[in-house]
Amino acid sequence: MAEQYILIQSAPLKAFAKSMLMGAGVAVDRAELVAQSLLEANLRGVDSHGVQLLNFYIEHMAMGCMNLTTNGRIVTESGGTMTYDADNGIGQVISDICCDHTIRLAKANGMALVSVRHSNHFGAAAFWSQKIARAGLIGMSFCNATPLVPPWQGKEPRFGTNPICMAMPGAPETGWLLDMATTTVAMGKIFKANFSGDPTIPAGWAFDSDGVPTTDTQKAVKGMPMPLGGYKGYGLALMVEILVGVLSGGSMSTEVGGVRIRTRPMSCGQAFIGIDVERFMPLDEFNARMDKLVGLAKDTPPAPGYTEVLVAGEPEWRSLRKRRVQGIPLSKGVWQQLGKTASLVKVTPPEVADIEYQG
Ligand SMILES: NC(=O)c1ccc[n+]([C@@H]2O[C@H](COP(=O)([O-])OP(=O)(O)OC[C@H]3O[C@@H](n4cnc5c(N)ncnc54)[C@H](O)[C@@H]3O)[C@@H](O)[C@H]2O)c1
């Protein structure tokens, strides 16, 4: 069964998202920030981390699970390091503040790591790495998330899809930008295969509920996503937990809640790193060396079945350029759910057109 889509331009989608957040009691400047972060994910083609998250955010807010007004507080600051207590604040608001601290500390010290506890979902990691990178630094961001993923050789979930992200100084809209979950695919892709009626999924995507690798979509839907590359992804997920959970003094592994768990605060952690490349070499020299490195990758003759070699970031930059002009396709299922959420906060969705779209 082919999924049906609607098309909406950036401005009305952002205005709709912002109105919903304000309807849930979020102050105007905070609503603007959250809406922008979600819109940018949609523009980059990362729809799993776009406006559809409002369905979960708004419910979480309505249940009183999030502190909508706090800025959090600095717990410790020393050299290029900081521990930050988010005080259960809005993930994007806290991340914005902590990226500013990362930039300040990295410029003063050459490098900075800000580790954050008791926070909430911050959307796509790229938004934050790019914010740090726009200040002329290498920007990195991490977070832990709802435990859905078993450790390798285990049969119960212990870790989130804990993303790892790195952006280049200036965050050019052509540059290398890696933003990846530490599972082979997000759970959303498995749900999508089920929704589309695909009986099987590729090997390496999921376990069944007993922790046995499966390609059966039905078993995978009831099962768990697989760590990226088996025990290596498990190792990376744990590395993220160390940076965001152990170091911050916050929640780890099964102590973390989730945007879909409406009865308690998420209490996830985040970490932000800034690296001042000027401490190593002039920025122009760094950029020239990066261009050379990317060129060496892209000059590789394509393997059979491919026409080119890409580098991380390219699929998303291409989507960004296209969607800025053509608008954003959203599945009708997501749009209808957003409409229901909007009615909870007394907001009317904008008019949209149905489109033919191969998602
Ligand atoms: N906030 C959270 O709790 C949370 C948790 C997990 C993931 N996320 C977000 O989910 C989003 C999606 O993550 P994902 O792992 O599904 O992304 P993905 O698998 O689509 O892409 C991962 C990376 O691979 C690169 N890539 C894709 N195709 C490529 C190719 N052919 N050649 C070279 N590089 C290529 C992409 O540019 C990207 O940097 C990210 O924005 C991430 O931050 C957030």
# chains A, B, ... in the order shown; residues from 1 in each chain; ligands from 1
call {"tool": "residues_around", "arguments": {"residues": "A:Thr146", "least_positions_apart": "6", "cutoff": "10 Å", "atoms": "only C-alpha atoms", "output": "MDAnalysis selection string"}}
result
chainID A and resid 121 157:162 252:261 266:268
call {"tool": "residues_around", "arguments": {"residues": "A:Val221", "least_positions_apart": "5", "cutoff": "10 Å", "atoms": "only C-alpha atoms", "output": "JSON, numbers by chain"}}
result
{"A": [187, 188, 189, 190, 191, 192, 193, 194, 206, 207, 208, 209, 216]}
call {"tool": "residues_near_ligand", "arguments": {"ligand": "ligand 1", "cutoff": "9 Å", "atoms": "only C-alpha atoms and all ligand atoms", "output": "PyMOL selection string"}}
result
chain A and resi 41+45-49+120-127+141-146+160-166+176-189+258-259+268+308-317
call {"tool": "write_last_selection", "arguments": {"atoms": "C-alpha atoms", "output": "compact mmCIF listing (two decimals), in the first residue's frame"}}
result
# COMPACT_ATOMS: atom_id res chain seq x y z
CA ALA A 41 15.16 18.45 10.21
CA GLY A 45 14.92 15.19 4.80
CA VAL A 46 15.26 13.85 8.35
CA ASP A 47 11.48 13.60 8.79
CA SER A 48 11.74 11.27 11.80
CA HIS A 49 13.07 14.29 13.74
CA ASN A 120 14.61 16.55 27.35
CA HIS A 121 14.66 15.48 23.69
CA PHE A 122 16.72 17.88 21.52
CA GLY A 123 15.58 16.69 18.06
CA ALA A 124 18.21 16.01 15.40
CA ALA A 125 21.77 16.31 16.68
CA ALA A 126 22.89 18.14 13.50
CA PHE A 127 21.06 21.32 14.53
CA SER A 141 26.82 16.69 19.80
CA PHE A 142 25.51 13.53 21.45
CA CYS A 143 22.53 12.42 23.51
CA ASN A 144 21.16 9.33 25.18
CA ALA A 145 17.61 8.27 24.50
CA THR A 146 14.82 5.86 25.43
CA GLY A 160 18.87 4.33 23.19
CA THR A 161 19.64 4.99 19.55
CA ASN A 162 22.20 7.45 21.04
CA PRO A 163 23.29 9.64 18.09
CA ILE A 164 26.78 10.88 17.26
CA CYS A 165 27.21 14.05 15.20
CA MET A 166 30.10 16.17 13.91
CA TRP A 176 30.93 16.98 5.54
CA LEU A 177 28.38 16.55 8.32
CA LEU A 178 27.95 13.19 9.99
CA ASP A 179 24.76 12.76 12.03
CA MET A 180 23.95 9.14 12.79
CA ALA A 181 22.12 6.99 15.27
CA THR A 182 24.19 4.13 16.71
CA THR A 183 21.62 1.60 15.48
CA THR A 184 21.54 0.36 11.87
CA VAL A 185 18.24 2.18 11.33
CA ALA A 186 15.82 4.15 13.44
CA MET A 187 12.80 2.18 14.72
CA GLY A 188 10.69 4.45 12.46
CA LYS A 189 12.09 2.71 9.36
CA GLY A 258 11.33 8.97 26.58
CA VAL A 259 9.18 11.33 24.54
CA CYS A 268 18.04 12.36 29.11
CA GLU A 308 28.79 8.39 -7.60
CA VAL A 309 30.40 8.27 -4.17
CA LEU A 310 28.84 10.54 -1.53
CA VAL A 311 30.14 11.86 1.76
CA ALA A 312 28.16 12.31 4.97
CA GLY A 313 25.84 15.30 4.78
CA GLU A 314 25.34 15.24 1.01
CA PRO A 315 21.94 13.49 0.99
CA GLU A 316 20.63 16.03 3.53
CA TRP A 317 22.09 19.11 1.73
call {"tool": "atom_distance", "arguments": {"atom1": "atom CA of A:Met111", "atom2": "atom CA of A:Ile273"}}
result
7.3 Å
call {"tool": "select_by_dssp", "arguments": {"residues": "stretch 170-206 of chain A", "states": "strand (DSSP E)", "output": "PyMOL selection string"}}
result
chain A and resi 177-180+206
call {"tool": "closest_atom_pairs", "arguments": {"of": "stretch 48-129 of chain A", "to": "stretch 223-244 of chain A", "cutoff": "9 Å", "atoms": "only C-alpha atoms", "output": "tab-separated table"}}
result
residue	atom	partner	partner_atom	distance
A:Leu113	CA	A:Leu243	CA	8.9
A:Val114	CA	A:Val244	CA	8.8
A:Ser115	CA	A:Val244	CA	5.5
A:Val116	CA	A:Val244	CA	6.3
A:Arg117	CA	A:Val244	CA	7.2
call {"tool": "closest_residue", "arguments": {"among": "A:Glu351, A:Asp85, A:Glu285, A:Glu356", "to": "A:Ile97", "atoms": "only C-alpha atoms"}}
result
A:Asp85
call {"tool": "atom_distance", "arguments": {"atom1": "atom CA of A:Thr102", "atom2": "atom CA of A:Val149"}}
result
29.5 Å
call {"tool": "atom_distance", "arguments": {"atom1": "atom CA of A:Ala108", "atom2": "atom CA of A:Asn88"}}
result
28.5 Å
call {"tool": "residues_around", "arguments": {"residues": "A:Gly50", "least_positions_apart": "6", "cutoff": "9 Å", "atoms": "only C-alpha atoms", "output": "list in words"}}
result
Ala35, Ser37, Leu38, Leu39, Glu40, Ala41, Asn42, Leu43, Gly123 and Ala124 of chain A
call {"tool": "residues_around", "arguments": {"residues": "A:Met168", "least_positions_apart": "5", "cutoff": "10 Å", "atoms": "only C-alpha atoms", "output": "list of chain:residue names"}}
result
A:Ser129, A:Gln130, A:Ile132, A:Ala133, A:Arg134, A:Gly136, A:Leu137, A:Ile138, A:Gly139, A:Met140, A:Gly175, A:Trp176, A:Leu177, A:Leu178, A:Ile275, A:Val277, A:Phe286, A:Asn287, A:Met290
call {"tool": "closest_residue", "arguments": {"among": "A:Pro169, A:Tyr57, A:Arg44, A:Ser10", "to": "A:Leu283", "atoms": "only C-alpha atoms"}}
result
A:Pro169
call {"tool": "closest_residue", "arguments": {"among": "A:Trp152, A:Phe56, A:Phe280, A:Trp335", "to": "A:Gly211", "atoms": "only C-alpha atoms"}}
result
A:Trp152
call {"tool": "residues_around", "arguments": {"residues": "A:Lys18", "least_positions_apart": "5", "cutoff": "10 Å", "atoms": "only C-alpha atoms", "output": "list in words"}}
result
Pro12, Leu13, Gly23, Ala24, Val26, Ala27, Val28, Asp29, Arg30, Ala31, Glu32, Leu33, Val34, Ala35, Gln36 and Leu54 of chain A
call {"tool": "residues_around", "arguments": {"residues": "A:Pro350", "least_positions_apart": "3", "cutoff": "10 Å", "atoms": "only C-alpha atoms", "output": "VMD selection string"}}
result
chain A and resid 8 12 to 13 15 to 16 339 347
call {"tool": "closest_residue", "arguments": {"among": "A:Gln9, A:Gln4, A:Gln92, A:Thr300", "to": "A:Val352", "atoms": "only C-alpha atoms"}}
result
A:Gln9
call {"tool": "select_by_dssp", "arguments": {"residues": "stretch 107-256 of chain A", "states": "helix (DSSP H, G or I)", "output": "PyMOL selection string"}}
result
chain A and resi 107-109+126-134+187-195+217-221+231-246+253-255
call {"tool": "residues_around", "arguments": {"residues": "A:Ser343", "least_positions_apart": "2", "cutoff": "12 Å", "atoms": "only C-alpha atoms", "output": "VMD selection string"}}
result
chain A and resid 16 19 to 20 23 to 24 55 58 to 59 336 to 341 345 to 349
call {"tool": "closest_residue", "arguments": {"among": "A:Ile94, A:Ala17, A:Val325, A:Val212", "to": "A:Asn71", "atoms": "only C-alpha atoms"}}
result
A:Ile94
